[in-house]
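A.B. asks: Structure file structure.pdb, PDB, C-alpha atoms, is pasted below:
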```pdb
ATOM      1  CA  GLY P   1      -6.723 -15.779   4.349  1.00  0.00           C
ATOM      2  CA  GLN P   2      -8.104 -12.346   4.945  1.00  0.00           C
ATOM      3  CA  GLN P   3     -10.612 -11.124   2.350  1.00  0.00           C
ATOM      4  CA  VAL P   4     -11.387  -7.439   2.047  1.00  0.00           C
ATOM      5  CA  GLN P   5     -14.327  -5.756   0.351  1.00  0.00           C
ATOM      6  CA  GLN P   6     -14.608  -2.011  -0.059  1.00  0.00           C
ATOM      7  CA  SER P   7     -17.655  -0.026  -1.061  1.00  0.00           C
ATOM      8  CA  PRO P   8     -18.567   1.934  -2.978  1.00  0.00           C
ATOM      9  CA  THR P   9     -16.156   1.298  -5.818  1.00  0.00           C
ATOM     10  CA  SER P  10     -16.300   4.947  -6.777  1.00  0.00           C
ATOM     11  CA  LEU P  11     -17.929   8.074  -5.485  1.00  0.00           C
ATOM     12  CA  VAL P  12     -18.465  11.507  -7.011  1.00  0.00           C
ATOM     13  CA  LEU P  13     -19.214  14.430  -4.729  1.00  0.00           C
ATOM     14  CA  GLN P  14     -19.636  18.130  -4.987  1.00  0.00           C
ATOM     15  CA  GLU P  15     -17.272  20.071  -2.775  1.00  0.00           C
ATOM     16  CA  GLY P  16     -18.719  20.418   0.705  1.00  0.00           C
ATOM     17  CA  GLU P  17     -20.605  17.120   0.693  1.00  0.00           C
ATOM     18  CA  ASN P  18     -19.769  14.297   3.079  1.00  0.00           C
ATOM     19  CA  ALA P  19     -18.446  10.875   2.119  1.00  0.00           C
ATOM     20  CA  GLU P  20     -18.818   7.514   3.830  1.00  0.00           C
ATOM     21  CA  LEU P  21     -16.470   4.729   2.736  1.00  0.00           C
ATOM     22  CA  GLN P  22     -16.941   1.165   3.912  1.00  0.00           C
ATOM     23  CA  CYS P  23     -14.569  -1.735   4.414  1.00  0.00           C
ATOM     24  CA  ASN P  24     -15.663  -5.268   5.300  1.00  0.00           C
ATOM     25  CA  PHE P  25     -13.233  -8.041   6.141  1.00  0.00           C
ATOM     26  CA  SER P  26     -13.579 -11.781   6.529  1.00  0.00           C
ATOM     27  CA  THR P  27     -11.536 -12.724   9.582  1.00  0.00           C
ATOM     28  CA  SER P  28     -11.088 -11.171  12.983  1.00  0.00           C
ATOM     29  CA  LEU P  29      -8.297  -8.701  13.424  1.00  0.00           C
ATOM     30  CA  ASN P  30      -6.929  -6.303  15.977  1.00  0.00           C
ATOM     31  CA  SER P  31      -6.345  -3.223  13.853  1.00  0.00           C
ATOM     32  CA  MET P  32      -7.153  -1.506  10.598  1.00  0.00           C
ATOM     33  CA  GLN P  33      -5.209   0.894   8.448  1.00  0.00           C
ATOM     34  CA  TRP P  34      -6.629   3.327   5.948  1.00  0.00           C
ATOM     35  CA  PHE P  35      -4.489   4.744   3.161  1.00  0.00           C
ATOM     36  CA  TYR P  36      -4.933   7.565   0.697  1.00  0.00           C
ATOM     37  CA  GLN P  37      -3.432   7.319  -2.768  1.00  0.00           C
ATOM     38  CA  ARG P  38      -3.344  10.379  -4.960  1.00  0.00           C
ATOM     39  CA  PRO P  39      -3.810   9.740  -8.678  1.00  0.00           C
ATOM     40  CA  GLY P  40      -0.640   8.166 -10.048  1.00  0.00           C
ATOM     41  CA  GLY P  41       1.059   8.542  -6.702  1.00  0.00           C
ATOM     42  CA  SER P  42       2.162   6.853  -3.557  1.00  0.00           C
ATOM     43  CA  LEU P  43       0.130   5.654  -0.584  1.00  0.00           C
ATOM     44  CA  ILE P  44      -0.076   7.661   2.588  1.00  0.00           C
ATOM     45  CA  SER P  45      -1.370   6.272   5.855  1.00  0.00           C
ATOM     46  CA  VAL P  46      -4.323   8.289   7.093  1.00  0.00           C
ATOM     47  CA  PHE P  47      -5.416   6.127  10.002  1.00  0.00           C
ATOM     48  CA  TYR P  48      -4.116   3.309  12.107  1.00  0.00           C
ATOM     49  CA  ASN P  49      -7.145   2.315  14.137  1.00  0.00           C
ATOM     50  CA  PRO P  50      -7.150  -0.726  16.420  1.00  0.00           C
ATOM     51  CA  SER P  51     -10.837  -0.339  17.217  1.00  0.00           C
ATOM     52  CA  GLY P  52     -13.451   2.249  18.042  1.00  0.00           C
ATOM     53  CA  THR P  53     -13.466   5.726  16.576  1.00  0.00           C
ATOM     54  CA  LYS P  54     -10.607   8.030  15.730  1.00  0.00           C
ATOM     55  CA  GLN P  55     -10.774  11.517  14.289  1.00  0.00           C
ATOM     56  CA  SER P  56      -8.201  13.605  12.511  1.00  0.00           C
ATOM     57  CA  GLY P  57      -9.446  16.904  11.163  1.00  0.00           C
ATOM     58  CA  ARG P  58     -12.248  16.214   8.700  1.00  0.00           C
ATOM     59  CA  LEU P  59     -11.582  12.462   8.685  1.00  0.00           C
ATOM     60  CA  THR P  60     -13.164   9.981  11.108  1.00  0.00           C
ATOM     61  CA  SER P  61     -12.451   6.268  11.167  1.00  0.00           C
ATOM     62  CA  THR P  62     -14.684   3.793  12.992  1.00  0.00           C
ATOM     63  CA  THR P  63     -13.741   0.143  13.322  1.00  0.00           C
ATOM     64  CA  VAL P  64     -16.103  -2.453  14.810  1.00  0.00           C
ATOM     65  CA  ILE P  65     -14.066  -5.603  15.194  1.00  0.00           C
ATOM     66  CA  LYS P  66     -16.897  -8.011  16.100  1.00  0.00           C
ATOM     67  CA  GLU P  67     -18.907  -6.887  13.076  1.00  0.00           C
ATOM     68  CA  ARG P  68     -15.822  -7.097  10.832  1.00  0.00           C
ATOM     69  CA  ARG P  69     -16.227  -3.665   9.366  1.00  0.00           C
ATOM     70  CA  SER P  70     -14.536  -0.315   9.281  1.00  0.00           C
ATOM     71  CA  SER P  71     -15.634   3.001   7.850  1.00  0.00           C
ATOM     72  CA  LEU P  72     -13.975   6.227   6.860  1.00  0.00           C
ATOM     73  CA  HIS P  73     -16.042   9.386   7.007  1.00  0.00           C
ATOM     74  CA  ILE P  74     -14.907  12.517   5.209  1.00  0.00           C
ATOM     75  CA  SER P  75     -16.789  15.637   6.160  1.00  0.00           C
ATOM     76  CA  SER P  76     -17.048  18.764   4.024  1.00  0.00           C
ATOM     77  CA  SER P  77     -15.132  17.204   1.159  1.00  0.00           C
ATOM     78  CA  GLN P  78     -12.608  19.287  -0.784  1.00  0.00           C
ATOM     79  CA  ILE P  79     -11.205  18.915  -4.265  1.00  0.00           C
ATOM     80  CA  THR P  80      -7.873  17.910  -2.760  1.00  0.00           C
ATOM     81  CA  ASP P  81      -9.563  14.868  -1.166  1.00  0.00           C
ATOM     82  CA  SER P  82      -9.868  13.315  -4.635  1.00  0.00           C
ATOM     83  CA  GLY P  83      -7.992  10.056  -5.003  1.00  0.00           C
ATOM     84  CA  THR P  84      -8.258   6.441  -3.930  1.00  0.00           C
ATOM     85  CA  TYR P  85      -8.860   5.316  -0.367  1.00  0.00           C
ATOM     86  CA  LEU P  86      -7.744   1.825   0.579  1.00  0.00           C
ATOM     87  CA  CYS P  87      -8.355  -0.104   3.738  1.00  0.00           C
ATOM     88  CA  ALA P  88      -5.808  -2.678   4.832  1.00  0.00           C
ATOM     89  CA  PRO P  89      -6.455  -5.075   7.664  1.00  0.00           C
ATOM     90  CA  PRO P  90      -3.454  -7.053   8.869  1.00  0.00           C
ATOM     91  CA  SER P  91      -2.886 -10.722   8.234  1.00  0.00           C
ATOM     92  CA  GLY P  92       0.072 -11.557  10.401  1.00  0.00           C
ATOM     93  CA  GLN P  93       2.937  -9.289   9.403  1.00  0.00           C
ATOM     94  CA  LYS P  94       1.254  -8.507   6.094  1.00  0.00           C
ATOM     95  CA  LEU P  95      -1.406  -6.016   5.208  1.00  0.00           C
ATOM     96  CA  VAL P  96      -4.147  -7.200   2.874  1.00  0.00           C
ATOM     97  CA  PHE P  97      -5.414  -4.350   0.743  1.00  0.00           C
ATOM     98  CA  GLY P  98      -8.930  -3.785  -0.503  1.00  0.00           C
ATOM     99  CA  GLN P  99      -9.545  -2.708  -4.083  1.00  0.00           C
ATOM    100  CA  GLY P 100     -10.120   0.847  -2.950  1.00  0.00           C
ATOM    101  CA  THR P 101     -12.791   3.500  -3.314  1.00  0.00           C
ATOM    102  CA  ILE P 102     -12.090   6.133  -5.965  1.00  0.00           C
ATOM    103  CA  LEU P 103     -13.300   9.501  -4.753  1.00  0.00           C
ATOM    104  CA  LYS P 104     -13.728  12.442  -7.070  1.00  0.00           C
ATOM    105  CA  VAL P 105     -14.703  15.823  -5.671  1.00  0.00           C
ATOM    106  CA  TYR P 106     -15.684  18.649  -8.017  1.00  0.00           C
ATOM    107  CA  LEU P 107     -16.518  22.332  -7.564  1.00  0.00           C
TER     108      LEU P 107
ATOM    109  CA  ASP S   1      13.343  12.853   7.602  1.00  0.00           C
ATOM    110  CA  MET S   2      11.088   9.794   7.278  1.00  0.00           C
ATOM    111  CA  LYS S   3      11.309   8.710   3.712  1.00  0.00           C
ATOM    112  CA  VAL S   4      11.192   5.652   1.491  1.00  0.00           C
ATOM    113  CA  THR S   5      13.010   6.198  -1.792  1.00  0.00           C
ATOM    114  CA  GLN S   6      12.601   4.060  -4.880  1.00  0.00           C
ATOM    115  CA  MET S   7      14.836   3.985  -7.938  1.00  0.00           C
ATOM    116  CA  PRO S   8      14.288   4.108 -10.801  1.00  0.00           C
ATOM    117  CA  ARG S   9      10.877   5.745 -10.970  1.00  0.00           C
ATOM    118  CA  TYR S  10      10.275   4.735 -14.575  1.00  0.00           C
ATOM    119  CA  LEU S  11      11.788   1.893 -16.548  1.00  0.00           C
ATOM    120  CA  ILE S  12      11.209   0.304 -19.932  1.00  0.00           C
ATOM    121  CA  LYS S  13      12.771  -3.108 -20.540  1.00  0.00           C
ATOM    122  CA  ARG S  14      12.626  -5.709 -23.269  1.00  0.00           C
ATOM    123  CA  MET S  15      11.275  -9.158 -22.522  1.00  0.00           C
ATOM    124  CA  GLY S  16      14.057 -11.373 -21.218  1.00  0.00           C
ATOM    125  CA  GLU S  17      16.159  -8.545 -19.786  1.00  0.00           C
ATOM    126  CA  ASN S  18      17.013  -8.367 -16.102  1.00  0.00           C
ATOM    127  CA  VAL S  19      15.460  -5.689 -13.929  1.00  0.00           C
ATOM    128  CA  LEU S  20      16.699  -4.275 -10.649  1.00  0.00           C
ATOM    129  CA  LEU S  21      14.389  -2.103  -8.550  1.00  0.00           C
ATOM    130  CA  GLU S  22      15.923  -0.514  -5.513  1.00  0.00           C
ATOM    131  CA  CYS S  23      14.395   0.791  -2.325  1.00  0.00           C
ATOM    132  CA  GLY S  24      15.944   2.679   0.548  1.00  0.00           C
ATOM    133  CA  GLN S  25      14.589   3.955   3.834  1.00  0.00           C
ATOM    134  CA  ASP S  26      16.126   6.270   6.413  1.00  0.00           C
ATOM    135  CA  MET S  27      14.092   5.189   9.451  1.00  0.00           C
ATOM    136  CA  SER S  28      16.012   2.017  10.357  1.00  0.00           C
ATOM    137  CA  HIS S  29      12.783   0.039   9.977  1.00  0.00           C
ATOM    138  CA  GLU S  30      13.158  -3.701  10.415  1.00  0.00           C
ATOM    139  CA  THR S  31      10.396  -4.801   8.060  1.00  0.00           C
ATOM    140  CA  MET S  32      10.239  -3.964   4.381  1.00  0.00           C
ATOM    141  CA  TYR S  33       7.854  -4.997   1.625  1.00  0.00           C
ATOM    142  CA  TRP S  34       7.545  -5.129  -2.129  1.00  0.00           C
ATOM    143  CA  TYR S  35       4.062  -4.823  -3.613  1.00  0.00           C
ATOM    144  CA  ARG S  36       2.834  -4.517  -7.159  1.00  0.00           C
ATOM    145  CA  GLN S  37      -0.288  -2.629  -8.127  1.00  0.00           C
ATOM    146  CA  ASP S  38      -2.358  -3.414 -11.186  1.00  0.00           C
ATOM    147  CA  PRO S  39      -5.752  -2.065 -12.274  1.00  0.00           C
ATOM    148  CA  GLY S  40      -8.514  -4.330 -11.015  1.00  0.00           C
ATOM    149  CA  LEU S  41      -6.153  -6.404  -8.882  1.00  0.00           C
ATOM    150  CA  GLY S  42      -5.172  -3.868  -6.273  1.00  0.00           C
ATOM    151  CA  LEU S  43      -1.980  -4.200  -4.288  1.00  0.00           C
ATOM    152  CA  GLN S  44      -0.423  -7.638  -4.146  1.00  0.00           C
ATOM    153  CA  LEU S  45       2.421  -8.609  -1.851  1.00  0.00           C
ATOM    154  CA  ILE S  46       5.490 -10.004  -3.612  1.00  0.00           C
ATOM    155  CA  TYR S  47       8.021 -10.337  -0.799  1.00  0.00           C
ATOM    156  CA  ILE S  48       8.440  -9.307   2.792  1.00  0.00           C
ATOM    157  CA  SER S  49      11.735  -8.849   4.602  1.00  0.00           C
ATOM    158  CA  TYR S  50      11.907  -8.969   8.382  1.00  0.00           C
ATOM    159  CA  ASP S  51      15.505  -7.765   8.542  1.00  0.00           C
ATOM    160  CA  VAL S  52      18.870  -8.324   6.858  1.00  0.00           C
ATOM    161  CA  ASP S  53      18.904 -11.684   5.029  1.00  0.00           C
ATOM    162  CA  SER S  54      15.517 -12.629   6.503  1.00  0.00           C
ATOM    163  CA  ASN S  55      13.122 -12.651   3.579  1.00  0.00           C
ATOM    164  CA  SER S  56       9.835 -14.401   3.042  1.00  0.00           C
ATOM    165  CA  GLU S  57       7.629 -14.961   0.032  1.00  0.00           C
ATOM    166  CA  GLY S  58       4.450 -13.000  -0.218  1.00  0.00           C
ATOM    167  CA  ASP S  59       1.387 -13.929  -2.243  1.00  0.00           C
ATOM    168  CA  ILE S  60       2.884 -13.652  -5.739  1.00  0.00           C
ATOM    169  CA  PRO S  61       6.651 -14.352  -5.532  1.00  0.00           C
ATOM    170  CA  LYS S  62       6.997 -16.282  -8.781  1.00  0.00           C
ATOM    171  CA  GLY S  63       9.347 -14.553 -11.214  1.00  0.00           C
ATOM    172  CA  TYR S  64      10.870 -12.324  -8.537  1.00  0.00           C
ATOM    173  CA  ARG S  65      13.668 -12.468  -6.029  1.00  0.00           C
ATOM    174  CA  VAL S  66      14.857 -10.040  -3.408  1.00  0.00           C
ATOM    175  CA  SER S  67      17.998  -9.033  -1.627  1.00  0.00           C
ATOM    176  CA  ARG S  68      18.477  -7.306   1.693  1.00  0.00           C
ATOM    177  CA  LYS S  69      22.096  -6.952   2.745  1.00  0.00           C
ATOM    178  CA  LYS S  70      21.629  -3.761   4.733  1.00  0.00           C
ATOM    179  CA  ARG S  71      18.662  -2.847   6.899  1.00  0.00           C
ATOM    180  CA  GLU S  72      18.119   0.397   4.957  1.00  0.00           C
ATOM    181  CA  HIS S  73      18.092  -1.192   1.534  1.00  0.00           C
ATOM    182  CA  PHE S  74      15.769  -3.745  -0.114  1.00  0.00           C
ATOM    183  CA  SER S  75      16.073  -4.745  -3.779  1.00  0.00           C
ATOM    184  CA  LEU S  76      13.617  -6.466  -6.082  1.00  0.00           C
ATOM    185  CA  ILE S  77      15.116  -8.429  -8.965  1.00  0.00           C
ATOM    186  CA  LEU S  78      13.376  -9.752 -12.037  1.00  0.00           C
ATOM    187  CA  ASP S  79      15.512 -12.272 -13.859  1.00  0.00           C
ATOM    188  CA  SER S  80      14.350 -12.386 -17.458  1.00  0.00           C
ATOM    189  CA  ALA S  81      11.427  -9.990 -17.326  1.00  0.00           C
ATOM    190  CA  LYS S  82       8.087 -10.963 -18.803  1.00  0.00           C
ATOM    191  CA  THR S  83       5.411  -8.744 -20.307  1.00  0.00           C
ATOM    192  CA  ASN S  84       2.982  -9.689 -17.521  1.00  0.00           C
ATOM    193  CA  GLN S  85       5.378  -8.096 -15.048  1.00  0.00           C
ATOM    194  CA  THR S  86       4.500  -4.693 -16.436  1.00  0.00           C
ATOM    195  CA  SER S  87       3.184  -2.927 -13.369  1.00  0.00           C
ATOM    196  CA  VAL S  88       3.754  -0.291 -10.738  1.00  0.00           C
ATOM    197  CA  TYR S  89       5.940  -1.588  -7.936  1.00  0.00           C
ATOM    198  CA  PHE S  90       5.775  -0.140  -4.454  1.00  0.00           C
ATOM    199  CA  CYS S  91       8.241  -0.572  -1.659  1.00  0.00           C
ATOM    200  CA  ALA S  92       7.132  -0.019   1.934  1.00  0.00           C
ATOM    201  CA  SER S  93       8.663  -0.201   5.370  1.00  0.00           C
ATOM    202  CA  ARG S  94       7.441  -0.534   8.916  1.00  0.00           C
ATOM    203  CA  GLY S  95       9.250  -0.229  12.204  1.00  0.00           C
ATOM    204  CA  GLN S  96       8.614  -1.621  15.643  1.00  0.00           C
ATOM    205  CA  PHE S  97       8.500   1.876  17.075  1.00  0.00           C
ATOM    206  CA  SER S  98       6.653   3.635  14.245  1.00  0.00           C
ATOM    207  CA  GLY S  99       3.172   2.756  15.464  1.00  0.00           C
ATOM    208  CA  ASN S 100       2.716  -0.076  12.982  1.00  0.00           C
ATOM    209  CA  THR S 101       2.238   2.452  10.212  1.00  0.00           C
ATOM    210  CA  LEU S 102       3.410   1.429   6.770  1.00  0.00           C
ATOM    211  CA  TYR S 103       5.471   4.011   4.874  1.00  0.00           C
ATOM    212  CA  PHE S 104       5.410   3.729   1.090  1.00  0.00           C
ATOM    213  CA  GLY S 105       7.782   4.863  -1.605  1.00  0.00           C
ATOM    214  CA  GLU S 106       6.636   6.786  -4.675  1.00  0.00           C
ATOM    215  CA  GLY S 107       6.519   3.682  -6.841  1.00  0.00           C
ATOM    216  CA  SER S 108       8.498   2.369  -9.798  1.00  0.00           C
ATOM    217  CA  ARG S 109       6.614   2.096 -13.053  1.00  0.00           C
ATOM    218  CA  LEU S 110       7.972  -0.815 -15.116  1.00  0.00           C
ATOM    219  CA  ILE S 111       7.000  -1.515 -18.689  1.00  0.00           C
ATOM    220  CA  VAL S 112       8.200  -4.749 -20.272  1.00  0.00           C
ATOM    221  CA  VAL S 113       7.890  -4.827 -24.062  1.00  0.00           C
TER     222      VAL S 113
END
```
With the file now loaded, output its structure as structure tokens.

C.D. replies:
Amino acid sequence: GQQVQQSPTSLVLQEGENAELQCNFSTSLNSMQWFYQRPGGSLISVFYNPSGTKQSGRLTSTTVIKERRSSLHISSSQITDSGTYLCAPPSGQKLVFGQGTILKVYL
Amino acid sequence: DMKVTQMPRYLIKRMGENVLLECGQDMSHETMYWYRQDPGLGLQLIYISYDVDSNSEGDIPKGYRVSRKKREHFSLILDSAKTNQTSVYFCASRGQFSGNTLYFGEGSRLIVV
């Protein structure tokens, strides 16, 4: 089945710095979803990205299917960006979740 | 309003008691999911439902069963709860016309003592 590896496991940034989160997966796919989970909270979809690059505000997702990787770039990080970011490639009708990257942004 | 609602949000049960976790969605999504989330293990799929009375086991179905009698409602049942079922349970839904995006509920935190 699909195996997912996210890096780094955790990341600490000062407000204003940029973040680069990586997701590597084991089998070919045709899309990738990124989710944000606030501490102790629910998951919110931030990107559904079949391939290529998508941007939404300060967030940019790039998925390269043939290299089996996806990245999430956060520019000019803010304290409210703190939380866990999970990538989830599909495996049939299921999504297989990575362990997540815990991001902490401080003043 | 696109929303997935889980009840109860917090629950403490004794080992051996039955547990009912309920999930509702107002988007008429066909597909619904139950996941559990544990530290170090991430999100694991328990069951998936493709529509009313069309359910399929996920990766960790043992000790759980589900019920979906209406499209908007998906229940997770633990018959005789065990301490290793202490976890946070998330319900999610996805619709054919919602861009393949998964919508999650707020989670139900279950403690089995």

A.B. asks: Could the residues of chain S within 7 Å of chain P, counting all atoms listed in the file, be given as a ChimeraX atom specification, please?

C.D. replies: /S:41-43,101-102,104-107

A.B. asks: Just how far from atom CA of P:Cys87 is atom CA of P:Lys66, in Å to one decimal?

C.D. replies: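 A separation of 17.0 Å between them.
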
A.B. asks: Translate the PyMOL selection byres ((chain S and resi 56-61) around 10), as applied to the file shown, into an explicit residue set as a ChimeraX atom specification.

C.D. replies: /P:94 /S:33-36,44-50,53-55,62-66

A.B. asks: From the options P:Ser76, P:Gln6, P:Thr60, P:Ser82, which residue's atoms come nearest to P:Arg38, counting only C-alpha atoms?

C.D. replies: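 Smallest separation from P:Arg38 among the options: P:Ser82.
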
A.B. asks: Do you have the atom CA of S:Glu72-atom CA of S:Tyr10 distance handy?

C.D. replies: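 A separation of 21.5 Å between them.
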
A.B. asks: Evaluate the PyMOL selection byres ((chain P and resi 80) around 12) and record the selected residues as a compact mmCIF listing (two decimals) with C-alpha atoms, keeping the file's coordinate frame, following the chain and residue labels used in the document.

C.D. replies:
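So the final result, stored in out25.txt, reads:
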```
# COMPACT_ATOMS: atom_id res chain seq x y z
CA GLN P 14 -19.64 18.13 -4.99
CA GLU P 15 -17.27 20.07 -2.78
CA GLY P 16 -18.72 20.42 0.70
CA TYR P 36 -4.93 7.56 0.70
CA GLN P 37 -3.43 7.32 -2.77
CA ARG P 38 -3.34 10.38 -4.96
CA PRO P 39 -3.81 9.74 -8.68
CA ILE P 74 -14.91 12.52 5.21
CA SER P 76 -17.05 18.76 4.02
CA SER P 77 -15.13 17.20 1.16
CA GLN P 78 -12.61 19.29 -0.78
CA ILE P 79 -11.20 18.92 -4.26
CA ASP P 81 -9.56 14.87 -1.17
CA SER P 82 -9.87 13.32 -4.64
CA GLY P 83 -7.99 10.06 -5.00
CA THR P 84 -8.26 6.44 -3.93
CA LEU P 103 -13.30 9.50 -4.75
CA LYS P 104 -13.73 12.44 -7.07
CA VAL P 105 -14.70 15.82 -5.67
CA TYR P 106 -15.68 18.65 -8.02
CA LEU P 107 -16.52 22.33 -7.56
```

A.B. asks: Taking (16.0, 2.3, 8.6) in the file's coordinates as the center, which residues reach within 9 Å of it, counting all atoms listed in the file, put as a list in words?

C.D. replies: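 Protein, DNA and RNA residues close to (16.0, 2.3, 8.6): Gly24, Gln25, Asp26, Met27, Ser28, His29, Glu30, Arg71, Glu72, His73, Ser93 and Gly95 of chain S.
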
A.B. asks: Evaluating the PyMOL selection byres ((chain P and resi 62) around 9) on the displayed file yields which residues, as a ChimeraX atom specification?

C.D. replies: /P:49,51-55,60-61,63-64,69-73

A.B. asks: Interatomic distance between atom CA of S:Asp38 and atom CA of S:Gln6?

C.D. replies: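 Computing the Euclidean distance for atom CA of S:Asp38 and atom CA of S:Gln6 yields 17.9 Å.
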
A.B. asks: Restricting the calculation to only C-alpha atoms, which member of P:Glu67, P:Gln2, P:Asn30, P:Ser75 is positioned closest to P:Asn18?

C.D. replies: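 Checking each of P:Glu67, P:Gln2, P:Asn30, P:Ser75 against P:Asn18, counting only C-alpha atoms, the winner is P:Ser75.
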
A.B. asks: Considering all atoms listed in the file, can you say which of S:Asn18, S:Gly40, S:Lys70, S:Met7 comes closest to P:Thr101?

C.D. replies: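 The answer is S:Gly40, which sits nearest to P:Thr101.
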
A.B. asks: Which residue, S:Lys3, S:Arg9, S:Lys69, S:Arg14, has the smallest gap to S:Asn84 when you use all atoms listed in the file?

C.D. replies: S:Arg14

A.B. asks: Need the shell around P:Pro8: protein/DNA/RNA residues with any atom at most 9 Å away, counting all atoms listed in the file. Skip same-chain ones fewer than 3 positions apart. Format as a PDB file with C-alpha atoms, in the frame of the given file?

C.D. replies:
```
ATOM      1  CA  LEU P  11     -17.929   8.074  -5.485  1.00  0.00           C
ATOM      2  CA  GLU P  20     -18.818   7.514   3.830  1.00  0.00           C
ATOM      3  CA  LEU P  21     -16.470   4.729   2.736  1.00  0.00           C
ATOM      4  CA  GLN P  22     -16.941   1.165   3.912  1.00  0.00           C
ATOM      5  CA  GLY P 100     -10.120   0.847  -2.950  1.00  0.00           C
ATOM      6  CA  THR P 101     -12.791   3.500  -3.314  1.00  0.00           C
ATOM      7  CA  ILE P 102     -12.090   6.133  -5.965  1.00  0.00           C
TER       8      ILE P 102
END
```

A.B. asks: Check the smallest atom-to-atom distance from each of S:Thr5, S:Phe97, S:Leu11, S:Arg109 to S:Phe74 using all atoms listed in the file, then report the winner.

C.D. replies: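 That would be S:Thr5, the residue with the smallest distance to S:Phe74.
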
A.B. asks: Check the smallest atom-to-atom distance from each of S:Cys23, S:Asp51, S:Ser67, S:Lys13 to S:Thr86 using all atoms listed in the file, then report the winner.

C.D. replies: S:Lys13

A.B. asks: Taking 5 positions as the minimum chain separation for residues in the same chain, which residues sit within 6 Å of P:Asn24 when counting all atoms listed in the file? Answer as a list in words.

C.D. replies: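 These residues fall inside the cut-off: Val4, Gln5, Arg68 and Arg69 of chain P.
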
A.B. asks: Set up a box along x, y and z of the file covering all listed atoms of stretch 102-111 of chain S, add 6 Å on every one of the six sides, and write the centre and edge lengths in Å to one decimal, as JSON.

C.D. replies:
```
{"center_x": 6.0, "center_y": 2.6, "center_z": -6.0, "size_x": 17.1, "size_y": 20.3, "size_z": 37.5}
```

A.B. asks: Missing atoms in stretch 1-16 of chain P should be modelled up to N, CA and C atoms and reported as a short mmCIF file (atom, residue, chain, number, x, y, z; two decimals), keeping the file's coordinate frame.

C.D. replies:
```cif
data_model
loop_
_atom_site.label_atom_id
_atom_site.label_comp_id
_atom_site.auth_asym_id
_atom_site.auth_seq_id
_atom_site.Cartn_x
_atom_site.Cartn_y
_atom_site.Cartn_z
N GLY P 1 -7.35 -17.04 3.99
CA GLY P 1 -6.72 -15.78 4.35
C GLY P 1 -7.73 -14.66 4.43
N GLN P 2 -7.24 -13.51 4.80
CA GLN P 2 -8.10 -12.35 4.94
C GLN P 2 -8.65 -11.89 3.60
N GLN P 3 -9.96 -11.67 3.54
CA GLN P 3 -10.61 -11.12 2.35
C GLN P 3 -11.15 -9.74 2.70
N VAL P 4 -10.99 -8.82 1.78
CA VAL P 4 -11.39 -7.44 2.05
C VAL P 4 -12.30 -6.93 0.94
N GLN P 5 -13.38 -6.30 1.32
CA GLN P 5 -14.33 -5.76 0.35
C GLN P 5 -14.59 -4.30 0.68
N GLN P 6 -14.35 -3.43 -0.29
CA GLN P 6 -14.61 -2.01 -0.06
C GLN P 6 -15.79 -1.54 -0.90
N SER P 7 -16.54 -0.62 -0.33
CA SER P 7 -17.66 -0.03 -1.06
C SER P 7 -17.81 1.44 -0.67
N PRO P 8 -18.33 2.26 -1.58
CA PRO P 8 -18.57 1.93 -2.98
C PRO P 8 -17.26 1.84 -3.75
N THR P 9 -17.34 1.38 -4.98
CA THR P 9 -16.16 1.30 -5.82
C THR P 9 -15.69 2.70 -6.19
N SER P 10 -16.64 3.57 -6.46
CA SER P 10 -16.30 4.95 -6.78
C SER P 10 -17.39 5.86 -6.25
N LEU P 11 -17.02 7.11 -6.09
CA LEU P 11 -17.93 8.07 -5.48
C LEU P 11 -17.60 9.46 -6.06
N VAL P 12 -18.65 10.16 -6.48
CA VAL P 12 -18.46 11.51 -7.01
C VAL P 12 -19.25 12.47 -6.14
N LEU P 13 -18.59 13.48 -5.64
CA LEU P 13 -19.21 14.43 -4.73
C LEU P 13 -18.94 15.86 -5.17
N GLN P 14 -19.89 16.71 -4.82
CA GLN P 14 -19.64 18.13 -4.99
C GLN P 14 -18.90 18.61 -3.74
N GLU P 15 -18.03 19.55 -3.91
CA GLU P 15 -17.27 20.07 -2.78
C GLU P 15 -18.22 20.49 -1.65
N GLY P 16 -17.88 20.09 -0.44
CA GLY P 16 -18.72 20.42 0.70
C GLY P 16 -19.58 19.27 1.18
#
```
